[in-house]
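> Sharing a structure with you now.
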Amino acid sequence: MADPLLVSDEHRALPPPIERALALFESPLSPDEVDVRRGYLDLLGERDPTGAHLGQRLMLSRVLPLIYQRFWRPTGARLLMGLTGPDTGEEHRMALEMLSIAPGARVLDVACGPGNFTRDFATAAGGDGLVVGLDASASMLATAVRETESDNAAYVRGDACALPFRDAAFDAICCFAALYLIEEPMRALEEIVRVLAPGGRVALLASCNRGPVPDRLSNAVVRGLSGVRVFGREELARALTGAGLVGVEQRVIGLAQFVSGGRPA
Ligand SMILES: C[S@@+](CC[C@H](N)C(=O)[O-])C[C@H]1O[C@@H](n2cnc3c(N)ncnc32)[C@H](O)[C@@H]1O
């Protein structure tokens, strides 16, 4: 029998990328759950899974998306990775290299913000591919929708810790500059691994503890002050390996770490 999501009258008028994204969902949505009035599929409504710290609340502001891509993100990257660290263009190239997105791939950008990486992935996946950007912030997603012209990109307002997608739905999954803001990052990581297809690739960019201060102390201080979690140097690579991913590689730059790996085919 055909998937009711794809044939019901209520869904006929949906933008095609959202309709294609719905086909990757774990369970069908009822028509009243399909809210696409703002150009993205809103699964949260009044719910807000982001935390109470200032750094986390900022992501929901209306102003931040206006300065995020030109000012906030490059400045944050400099602070985290230093003046000799990768610039924005280099970071985008690194993401594409770590993910090896093939034409036709299904790609998930977890905590996509204003879609700054999502759009690159849409280009790499091509017309037969599909890219889904998921974020909890309505204001970030409004910018993402406004600035994305690709007809193979869909945006979803949802919680990274409870992804709505079925197991093994995606060939490539990116989560950049966000795990350290997510309330339960290890839960989000489990979700990322769950929805990654055999042979699929994952790429992460997160904070990294350096120097003599123990991980727990660094984390307690920085998180207490800013809401940003500091991951141990081994923590994320170990979590991916422990979840069965292979070829796990880590590159530490300043106070940041890029971690990638693949699910065995
Ligand atoms: C700094 S932005 C990163 C955007 C983009 N990935 C980048 O590399 O520039 C972090 C994003 O994480 C999102 N976020 C935080 N907690 C989340 C959660 N539980 N579920 C989904 N998104 C979340 C915020 O709304 C914000 O847009």
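Convention: chains lettered A, B, ... in structure tokens order; per-chain residue numbering from 1; ligands numbered from 1 as shown.
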Please provide the set of residues having any atom within 10 Å of region 63-65 of chain A, restricted to only C-alpha atoms, with same-chain residues fewer than 5 positions apart removed, written as a list in words.
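That gives Leu58, Arg70, Phe71, Trp72, Gly113, Pro114, Ser137, Ser139, Met140, Leu141, Ala142, Thr143 and Ala144 of chain A.
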> Excluding region 146-157 of chain A and any residue of its chain fewer than 2 positions from it, enumerate the residues within 8 Å of it, using only C-alpha atoms, and give them as a VMD selection string.
chain A and resid 16 to 18 21 39 to 44 115 118 to 119 122 to 123 126 to 138 141 to 144 159
> Can I get the selection written as a CSV table (one decimal), in the first residue's frame, with N, CA and C atoms?

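Writing the result to out_27.csv gives the following:
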chain,number,residue,atom,x,y,z
A,16,PRO,N,7.4,20.5,-2.6
A,16,PRO,CA,8.0,19.2,-2.9
A,16,PRO,C,9.1,18.8,-1.9
A,17,PRO,N,10.1,19.6,-1.6
A,17,PRO,CA,11.1,19.1,-0.7
A,17,PRO,C,10.6,18.7,0.7
A,18,ILE,N,9.5,19.4,1.2
A,18,ILE,CA,8.9,19.1,2.5
A,18,ILE,C,8.2,17.7,2.3
A,21,ALA,N,10.8,15.1,2.4
A,21,ALA,CA,11.3,15.0,3.8
A,21,ALA,C,10.3,14.2,4.6
A,39,GLY,N,7.1,28.3,6.0
A,39,GLY,CA,8.0,27.8,4.9
A,39,GLY,C,8.9,26.7,5.4
A,40,TYR,N,8.8,26.4,6.7
A,40,TYR,CA,9.5,25.2,7.3
A,40,TYR,C,8.4,24.3,8.0
A,41,LEU,N,8.7,23.1,8.1
A,41,LEU,CA,7.7,22.2,8.8
A,41,LEU,C,8.0,22.4,10.3
A,42,ASP,N,7.0,22.9,11.0
A,42,ASP,CA,7.2,23.2,12.5
A,42,ASP,C,6.6,22.0,13.3
A,43,LEU,N,7.5,21.3,13.9
A,43,LEU,CA,7.1,20.2,14.8
A,43,LEU,C,7.0,20.5,16.2
A,44,LEU,N,7.4,21.8,16.6
A,44,LEU,CA,7.5,22.1,18.0
A,44,LEU,C,6.4,23.0,18.5
A,115,GLY,N,21.0,28.0,7.8
A,115,GLY,CA,21.1,27.2,6.6
A,115,GLY,C,22.5,27.5,5.9
A,118,THR,N,23.7,24.1,5.0
A,118,THR,CA,22.6,23.4,4.3
A,118,THR,C,22.6,23.6,2.8
A,119,ARG,N,22.8,24.9,2.5
A,119,ARG,CA,22.8,25.3,1.1
A,119,ARG,C,23.9,24.7,0.3
A,122,ALA,N,23.0,21.1,-0.4
A,122,ALA,CA,22.0,21.0,-1.4
A,122,ALA,C,22.6,21.0,-2.8
A,123,THR,N,23.6,21.9,-2.9
A,123,THR,CA,24.3,21.9,-4.2
A,123,THR,C,25.0,20.6,-4.5
A,126,GLY,N,22.6,17.7,-5.4
A,126,GLY,CA,22.0,17.8,-6.7
A,126,GLY,C,20.5,17.6,-6.6
A,127,GLY,N,19.8,17.8,-7.8
A,127,GLY,CA,18.4,17.7,-7.9
A,127,GLY,C,17.7,16.4,-7.4
A,128,ASP,N,18.4,15.3,-7.6
A,128,ASP,CA,17.9,14.0,-7.2
A,128,ASP,C,18.1,13.8,-5.7
A,129,GLY,N,19.0,14.6,-5.1
A,129,GLY,CA,19.2,14.5,-3.7
A,129,GLY,C,18.2,15.3,-2.9
A,130,LEU,N,18.3,15.1,-1.6
A,130,LEU,CA,17.5,15.9,-0.7
A,130,LEU,C,18.3,16.3,0.6
A,131,VAL,N,18.2,17.6,1.0
A,131,VAL,CA,18.8,18.0,2.2
A,131,VAL,C,17.8,18.5,3.1
A,132,VAL,N,17.9,18.1,4.4
A,132,VAL,CA,16.9,18.5,5.4
A,132,VAL,C,17.8,19.3,6.5
A,133,GLY,N,17.4,20.5,6.7
A,133,GLY,CA,18.0,21.3,7.8
A,133,GLY,C,17.1,21.3,8.9
A,134,LEU,N,17.5,20.9,10.1
A,134,LEU,CA,16.7,20.8,11.3
A,134,LEU,C,17.2,21.8,12.4
A,135,ASP,N,16.4,22.5,12.9
A,135,ASP,CA,16.8,23.5,14.0
A,135,ASP,C,15.6,23.7,14.9
A,136,ALA,N,15.9,24.2,16.1
A,136,ALA,CA,14.9,24.5,17.1
A,136,ALA,C,14.5,25.9,17.1
A,137,SER,N,15.3,26.8,16.4
A,137,SER,CA,15.0,28.2,16.5
A,137,SER,C,14.2,28.7,15.3
A,138,ALA,N,13.0,29.3,15.6
A,138,ALA,CA,12.2,29.8,14.5
A,138,ALA,C,12.8,30.9,13.8
A,141,LEU,N,15.5,29.6,11.4
A,141,LEU,CA,14.8,28.9,10.3
A,141,LEU,C,14.2,29.9,9.3
A,142,ALA,N,13.7,31.0,9.8
A,142,ALA,CA,13.0,32.0,8.9
A,142,ALA,C,14.1,32.5,8.0
A,143,THR,N,15.3,32.8,8.5
A,143,THR,CA,16.4,33.2,7.6
A,143,THR,C,16.8,32.1,6.7
A,144,ALA,N,16.9,30.9,7.2
A,144,ALA,CA,17.3,29.8,6.3
A,144,ALA,C,16.3,29.7,5.1
A,159,ASP,N,13.6,19.0,17.5
A,159,ASP,CA,14.6,18.8,18.5
A,159,ASP,C,15.6,17.8,18.1
> Could you list, as a PDB file with N, CA, C and O atoms, in the first residue's frame, all residues that come within 8 Å of ligand 1? Count only C-alpha atoms and all ligand atoms.

ATOM      1  N   PRO A  49      12.986  23.160  23.055  1.00  0.00           N
ATOM      2  CA  PRO A  49      13.920  22.217  23.685  1.00  0.00           C
ATOM      3  C   PRO A  49      15.276  22.827  24.031  1.00  0.00           C
ATOM      4  O   PRO A  49      16.132  22.148  24.571  1.00  0.00           O
ATOM      5  N   THR A  50      15.482  24.121  23.688  1.00  0.00           N
ATOM      6  CA  THR A  50      16.796  24.713  23.969  1.00  0.00           C
ATOM      7  C   THR A  50      16.871  25.079  25.447  1.00  0.00           C
ATOM      8  O   THR A  50      15.857  25.283  26.103  1.00  0.00           O
ATOM      9  N   GLY A  51      18.073  25.181  25.961  1.00  0.00           N
ATOM     10  CA  GLY A  51      18.259  25.374  27.399  1.00  0.00           C
ATOM     11  C   GLY A  51      18.101  26.817  27.849  1.00  0.00           C
ATOM     12  O   GLY A  51      17.828  27.715  27.047  1.00  0.00           O
ATOM     13  N   GLN A  56      22.465  29.785  24.896  1.00  0.00           N
ATOM     14  CA  GLN A  56      21.418  28.996  24.226  1.00  0.00           C
ATOM     15  C   GLN A  56      20.230  29.880  23.841  1.00  0.00           C
ATOM     16  O   GLN A  56      19.691  29.764  22.745  1.00  0.00           O
ATOM     17  N   MET A  59      20.274  32.045  20.557  1.00  0.00           N
ATOM     18  CA  MET A  59      19.985  31.412  19.263  1.00  0.00           C
ATOM     19  C   MET A  59      18.534  31.600  18.840  1.00  0.00           C
ATOM     20  O   MET A  59      18.166  31.389  17.697  1.00  0.00           O
ATOM     21  N   LEU A  60      17.693  31.965  19.818  1.00  0.00           N
ATOM     22  CA  LEU A  60      16.269  32.142  19.514  1.00  0.00           C
ATOM     23  C   LEU A  60      15.933  33.595  19.194  1.00  0.00           C
ATOM     24  O   LEU A  60      14.810  33.908  18.813  1.00  0.00           O
ATOM     25  N   TYR A  68      24.425  36.747  12.027  1.00  0.00           N
ATOM     26  CA  TYR A  68      25.069  35.456  12.299  1.00  0.00           C
ATOM     27  C   TYR A  68      26.128  35.088  11.254  1.00  0.00           C
ATOM     28  O   TYR A  68      27.274  34.807  11.591  1.00  0.00           O
ATOM     29  N   GLN A  69      25.728  35.117   9.980  1.00  0.00           N
ATOM     30  CA  GLN A  69      26.619  34.560   8.959  1.00  0.00           C
ATOM     31  C   GLN A  69      27.817  35.459   8.666  1.00  0.00           C
ATOM     32  O   GLN A  69      28.912  34.975   8.431  1.00  0.00           O
ATOM     33  N   ARG A  73      29.263  34.132  13.359  1.00  0.00           N
ATOM     34  CA  ARG A  73      29.860  32.809  13.103  1.00  0.00           C
ATOM     35  C   ARG A  73      31.350  32.909  12.804  1.00  0.00           C
ATOM     36  O   ARG A  73      32.160  32.182  13.415  1.00  0.00           O
ATOM     37  N   ASP A 109      21.227  18.191   8.055  1.00  0.00           N
ATOM     38  CA  ASP A 109      22.049  19.204   8.727  1.00  0.00           C
ATOM     39  C   ASP A 109      21.396  19.476  10.080  1.00  0.00           C
ATOM     40  O   ASP A 109      20.382  20.177  10.163  1.00  0.00           O
ATOM     41  N   VAL A 110      21.958  18.875  11.123  1.00  0.00           N
ATOM     42  CA  VAL A 110      21.365  18.982  12.463  1.00  0.00           C
ATOM     43  C   VAL A 110      21.786  20.306  13.099  1.00  0.00           C
ATOM     44  O   VAL A 110      22.971  20.623  13.139  1.00  0.00           O
ATOM     45  N   ALA A 111      20.804  21.042  13.622  1.00  0.00           N
ATOM     46  CA  ALA A 111      21.042  22.383  14.176  1.00  0.00           C
ATOM     47  C   ALA A 111      21.634  23.272  13.085  1.00  0.00           C
ATOM     48  O   ALA A 111      22.720  23.835  13.217  1.00  0.00           O
ATOM     49  N   CYS A 112      20.885  23.396  12.018  1.00  0.00           N
ATOM     50  CA  CYS A 112      21.370  24.033  10.783  1.00  0.00           C
ATOM     51  C   CYS A 112      21.457  25.543  10.882  1.00  0.00           C
ATOM     52  O   CYS A 112      22.013  26.194   9.985  1.00  0.00           O
ATOM     53  N   GLY A 113      20.899  26.147  11.953  1.00  0.00           N
ATOM     54  CA  GLY A 113      20.929  27.609  12.059  1.00  0.00           C
ATOM     55  C   GLY A 113      20.264  28.235  10.837  1.00  0.00           C
ATOM     56  O   GLY A 113      19.208  27.788  10.372  1.00  0.00           O
ATOM     57  N   PRO A 114      20.898  29.275  10.259  1.00  0.00           N
ATOM     58  CA  PRO A 114      20.290  29.957   9.105  1.00  0.00           C
ATOM     59  C   PRO A 114      20.560  29.240   7.781  1.00  0.00           C
ATOM     60  O   PRO A 114      20.418  29.856   6.719  1.00  0.00           O
ATOM     61  N   GLY A 115      20.967  27.989   7.837  1.00  0.00           N
ATOM     62  CA  GLY A 115      21.133  27.204   6.597  1.00  0.00           C
ATOM     63  C   GLY A 115      22.453  27.459   5.901  1.00  0.00           C
ATOM     64  O   GLY A 115      22.610  27.144   4.717  1.00  0.00           O
ATOM     65  N   ASN A 116      23.424  28.032   6.646  1.00  0.00           N
ATOM     66  CA  ASN A 116      24.690  28.411   6.011  1.00  0.00           C
ATOM     67  C   ASN A 116      25.451  27.223   5.427  1.00  0.00           C
ATOM     68  O   ASN A 116      26.129  27.372   4.411  1.00  0.00           O
ATOM     69  N   PHE A 117      25.351  26.032   6.045  1.00  0.00           N
ATOM     70  CA  PHE A 117      25.966  24.837   5.456  1.00  0.00           C
ATOM     71  C   PHE A 117      24.947  24.049   4.627  1.00  0.00           C
ATOM     72  O   PHE A 117      25.308  23.401   3.643  1.00  0.00           O
ATOM     73  N   LEU A 134      17.532  20.865  10.109  1.00  0.00           N
ATOM     74  CA  LEU A 134      16.668  20.833  11.296  1.00  0.00           C
ATOM     75  C   LEU A 134      17.245  21.750  12.360  1.00  0.00           C
ATOM     76  O   LEU A 134      18.446  21.740  12.623  1.00  0.00           O
ATOM     77  N   ASP A 135      16.393  22.549  12.945  1.00  0.00           N
ATOM     78  CA  ASP A 135      16.825  23.451  14.015  1.00  0.00           C
ATOM     79  C   ASP A 135      15.628  23.728  14.923  1.00  0.00           C
ATOM     80  O   ASP A 135      14.477  23.547  14.524  1.00  0.00           O
ATOM     81  N   ALA A 136      15.942  24.167  16.150  1.00  0.00           N
ATOM     82  CA  ALA A 136      14.861  24.464  17.095  1.00  0.00           C
ATOM     83  C   ALA A 136      14.454  25.934  17.059  1.00  0.00           C
ATOM     84  O   ALA A 136      13.423  26.299  17.618  1.00  0.00           O
ATOM     85  N   SER A 137      15.267  26.762  16.412  1.00  0.00           N
ATOM     86  CA  SER A 137      15.027  28.209  16.467  1.00  0.00           C
ATOM     87  C   SER A 137      14.197  28.695  15.283  1.00  0.00           C
ATOM     88  O   SER A 137      14.614  28.582  14.116  1.00  0.00           O
ATOM     89  N   ALA A 138      13.038  29.271  15.592  1.00  0.00           N
ATOM     90  CA  ALA A 138      12.160  29.780  14.532  1.00  0.00           C
ATOM     91  C   ALA A 138      12.830  30.915  13.762  1.00  0.00           C
ATOM     92  O   ALA A 138      12.716  31.007  12.535  1.00  0.00           O
ATOM     93  N   MET A 140      16.092  31.511  13.306  1.00  0.00           N
ATOM     94  CA  MET A 140      17.154  30.979  12.443  1.00  0.00           C
ATOM     95  C   MET A 140      16.524  30.350  11.188  1.00  0.00           C
ATOM     96  O   MET A 140      17.000  30.552  10.062  1.00  0.00           O
ATOM     97  N   LEU A 141      15.470  29.595  11.393  1.00  0.00           N
ATOM     98  CA  LEU A 141      14.849  28.904  10.252  1.00  0.00           C
ATOM     99  C   LEU A 141      14.185  29.887   9.291  1.00  0.00           C
ATOM    100  O   LEU A 141      14.170  29.654   8.077  1.00  0.00           O
ATOM    101  N   ARG A 157      11.512  22.476  11.926  1.00  0.00           N
ATOM    102  CA  ARG A 157      11.755  22.948  13.293  1.00  0.00           C
ATOM    103  C   ARG A 157      11.500  21.782  14.233  1.00  0.00           C
ATOM    104  O   ARG A 157      10.360  21.312  14.369  1.00  0.00           O
ATOM    105  N   GLY A 158      12.579  21.275  14.817  1.00  0.00           N
ATOM    106  CA  GLY A 158      12.457  20.097  15.658  1.00  0.00           C
ATOM    107  C   GLY A 158      13.596  20.043  16.652  1.00  0.00           C
ATOM    108  O   GLY A 158      14.456  20.928  16.696  1.00  0.00           O
ATOM    109  N   ASP A 159      13.595  18.979  17.457  1.00  0.00           N
ATOM    110  CA  ASP A 159      14.594  18.813  18.516  1.00  0.00           C
ATOM    111  C   ASP A 159      15.643  17.798  18.073  1.00  0.00           C
ATOM    112  O   ASP A 159      15.306  16.661  17.726  1.00  0.00           O
ATOM    113  N   ALA A 160      16.908  18.213  18.110  1.00  0.00           N
ATOM    114  CA  ALA A 160      18.006  17.325  17.722  1.00  0.00           C
ATOM    115  C   ALA A 160      18.052  16.072  18.602  1.00  0.00           C
ATOM    116  O   ALA A 160      18.604  15.047  18.201  1.00  0.00           O
ATOM    117  N   CYS A 161      17.486  16.169  19.800  1.00  0.00           N
ATOM    118  CA  CYS A 161      17.529  15.025  20.717  1.00  0.00           C
ATOM    119  C   CYS A 161      16.381  14.050  20.490  1.00  0.00           C
ATOM    120  O   CYS A 161      16.294  13.015  21.170  1.00  0.00           O
ATOM    121  N   CYS A 174      25.489  16.213   9.139  1.00  0.00           N
ATOM    122  CA  CYS A 174      26.412  17.217   9.655  1.00  0.00           C
ATOM    123  C   CYS A 174      25.836  17.810  10.941  1.00  0.00           C
ATOM    124  O   CYS A 174      24.618  18.016  11.045  1.00  0.00           O
ATOM    125  N   CYS A 175      26.693  18.058  11.908  1.00  0.00           N
ATOM    126  CA  CYS A 175      26.255  18.825  13.074  1.00  0.00           C
ATOM    127  C   CYS A 175      27.430  19.720  13.476  1.00  0.00           C
ATOM    128  O   CYS A 175      28.350  19.292  14.166  1.00  0.00           O
ATOM    129  N   PHE A 176      27.401  20.938  12.987  1.00  0.00           N
ATOM    130  CA  PHE A 176      28.508  21.875  13.193  1.00  0.00           C
ATOM    131  C   PHE A 176      28.095  22.973  14.170  1.00  0.00           C
ATOM    132  O   PHE A 176      26.998  23.543  14.072  1.00  0.00           O
ATOM    133  N   ALA A 177      29.031  23.275  15.070  1.00  0.00           N
ATOM    134  CA  ALA A 177      28.884  24.419  15.977  1.00  0.00           C
ATOM    135  C   ALA A 177      27.577  24.382  16.764  1.00  0.00           C
ATOM    136  O   ALA A 177      26.958  25.418  16.993  1.00  0.00           O
ATOM    137  N   ALA A 178      27.157  23.197  17.171  1.00  0.00           N
ATOM    138  CA  ALA A 178      25.864  23.121  17.842  1.00  0.00           C
ATOM    139  C   ALA A 178      25.820  22.117  18.993  1.00  0.00           C
ATOM    140  O   ALA A 178      25.102  22.350  19.965  1.00  0.00           O
ATOM    141  N   LEU A 179      26.595  21.034  18.906  1.00  0.00           N
ATOM    142  CA  LEU A 179      26.494  20.021  19.982  1.00  0.00           C
ATOM    143  C   LEU A 179      26.736  20.662  21.344  1.00  0.00           C
ATOM    144  O   LEU A 179      26.143  20.279  22.339  1.00  0.00           O
ATOM    145  N   LEU A 181      25.828  23.440  22.370  1.00  0.00           N
ATOM    146  CA  LEU A 181      24.689  24.239  22.844  1.00  0.00           C
ATOM    147  C   LEU A 181      23.463  23.369  23.134  1.00  0.00           C
ATOM    148  O   LEU A 181      22.513  23.826  23.762  1.00  0.00           O
ATOM    149  N   ILE A 182      23.493  22.152  22.638  1.00  0.00           N
ATOM    150  CA  ILE A 182      22.325  21.276  22.775  1.00  0.00           C
ATOM    151  C   ILE A 182      22.284  20.711  24.205  1.00  0.00           C
ATOM    152  O   ILE A 182      23.308  20.283  24.735  1.00  0.00           O
ATOM    153  N   GLU A 183      21.100  20.738  24.794  1.00  0.00           N
ATOM    154  CA  GLU A 183      20.954  20.345  26.191  1.00  0.00           C
ATOM    155  C   GLU A 183      21.496  18.945  26.485  1.00  0.00           C
ATOM    156  O   GLU A 183      22.165  18.724  27.475  1.00  0.00           O
ATOM    157  N   GLU A 184      21.159  17.986  25.627  1.00  0.00           N
ATOM    158  CA  GLU A 184      21.624  16.603  25.844  1.00  0.00           C
ATOM    159  C   GLU A 184      22.416  16.155  24.619  1.00  0.00           C
ATOM    160  O   GLU A 184      21.890  15.421  23.763  1.00  0.00           O
ATOM    161  N   ALA A 188      21.612  13.574  21.366  1.00  0.00           N
ATOM    162  CA  ALA A 188      21.566  14.013  19.963  1.00  0.00           C
ATOM    163  C   ALA A 188      22.501  13.154  19.107  1.00  0.00           C
ATOM    164  O   ALA A 188      22.154  12.770  17.988  1.00  0.00           O
ATOM    165  N   LEU A 205      31.460  19.382  14.332  1.00  0.00           N
ATOM    166  CA  LEU A 205      32.383  20.423  14.793  1.00  0.00           C
ATOM    167  C   LEU A 205      31.907  20.840  16.172  1.00  0.00           C
ATOM    168  O   LEU A 205      30.738  21.233  16.335  1.00  0.00           O
TER     169      LEU A 205
END
> Which distance in Å separates CA of Thr241 (chain A) and CA of Asn219 (chain A), to one decimal?
22.3 Å
> List every residue of region 16-203 of chain A that DSSP, applied to the backbone of this structure, places in helix (DSSP H, G or I), and write the result as a PyMOL selection string.
chain A and resi 16-22+31-33+54-58+64-81+88-99+118-125+138-147+185-194
> Would you work out the distance separating CA of Glu26 (chain A) from CA of Ala206 (chain A), expressed in Å to one decimal?
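So the answer is 27.5 Å.
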> With distances taken over only C-alpha atoms, which residue among A:Val213, A:Gly244, A:Gly200, A:Val228 lies nearest Ile101 (chain A)?
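Nearest candidate to Ile101 (chain A) out of A:Val213, A:Gly244, A:Gly200, A:Val228: A:Gly200.
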> One decimal, Å: what's the distance from CA of Leu245 (chain A) over to CA of Phe165 (chain A), could you say?
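So the answer is 19.3 Å.
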> Which residue is closest to Arg251 (chain A)? Choose from A:Ala203, A:Asp171, A:Val107, A:Phe121 and count only C-alpha atoms.
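For Arg251 (chain A), the nearest of the given residues is A:Ala203.
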> Show me, as JSON, numbers by chain, the residues that have an atom within 9 Å of His53 (chain A) when counting only C-alpha atoms, minus same-chain residues fewer than 5 positions from it.
{"A": [58, 223, 224, 225, 226, 227, 228]}
> Keeping C-alpha atoms, export the residues of the selection given above as a short mmCIF file (atom, residue, chain, number, x, y, z; two decimals), in the first residue's frame.

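File part.cif, as written:
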data_model
loop_
_atom_site.label_atom_id
_atom_site.label_comp_id
_atom_site.auth_asym_id
_atom_site.auth_seq_id
_atom_site.Cartn_x
_atom_site.Cartn_y
_atom_site.Cartn_z
CA LEU A 58 20.60 33.92 22.06
CA ARG A 223 29.13 26.05 30.77
CA GLY A 224 28.20 27.85 33.97
CA LEU A 225 29.26 31.19 32.49
CA SER A 226 28.07 30.87 28.91
CA GLY A 227 25.98 27.75 28.39
CA VAL A 228 28.63 26.34 26.04
#
> Please determine, counting only C-alpha atoms, which residue among A:Gly211, A:Gly232, A:Gly242, A:Gly76 has the shortest atom-to-atom distance to Gln257 (chain A).
A:Gly232
> Between A:Leu29, A:Leu204, A:Ala102, A:Ala77, which residue has the minimum interatomic distance to Glu90 (chain A), considering only C-alpha atoms?
A:Ala77
> Considering only C-alpha atoms, state which residue in the set A:Ser61, A:Pro31, A:Arg201, A:Gln250 is at the smallest distance from Leu96 (chain A).
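For Leu96 (chain A), the nearest of the given residues is A:Arg201.
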> Pick from A:Pro103, A:Gly254, A:Gly262, A:Gly45: nearest to Gly82 (chain A), with only C-alpha atoms counted?
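When distances to Gly82 (chain A) are compared using only C-alpha atoms, the smallest one comes from A:Gly254.
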> Using DSSP secondary structure from the backbone, list all strand (DSSP E) positions within region 60-253 of chain A, as a VMD selection string.
chain A and resid 106 to 110 130 to 135 153 to 157 170 to 176 196 to 207 246 to 253
> Can you list, as a PyMOL selection string, every protein, DNA or RNA residue that comes within 12 Å of Ala239 (chain A) when you count only C-alpha atoms, leaving out same-chain residues fewer than 2 positions away?
chain A and resi 185-190+192-193+204+231-237+241-246+248+259-261
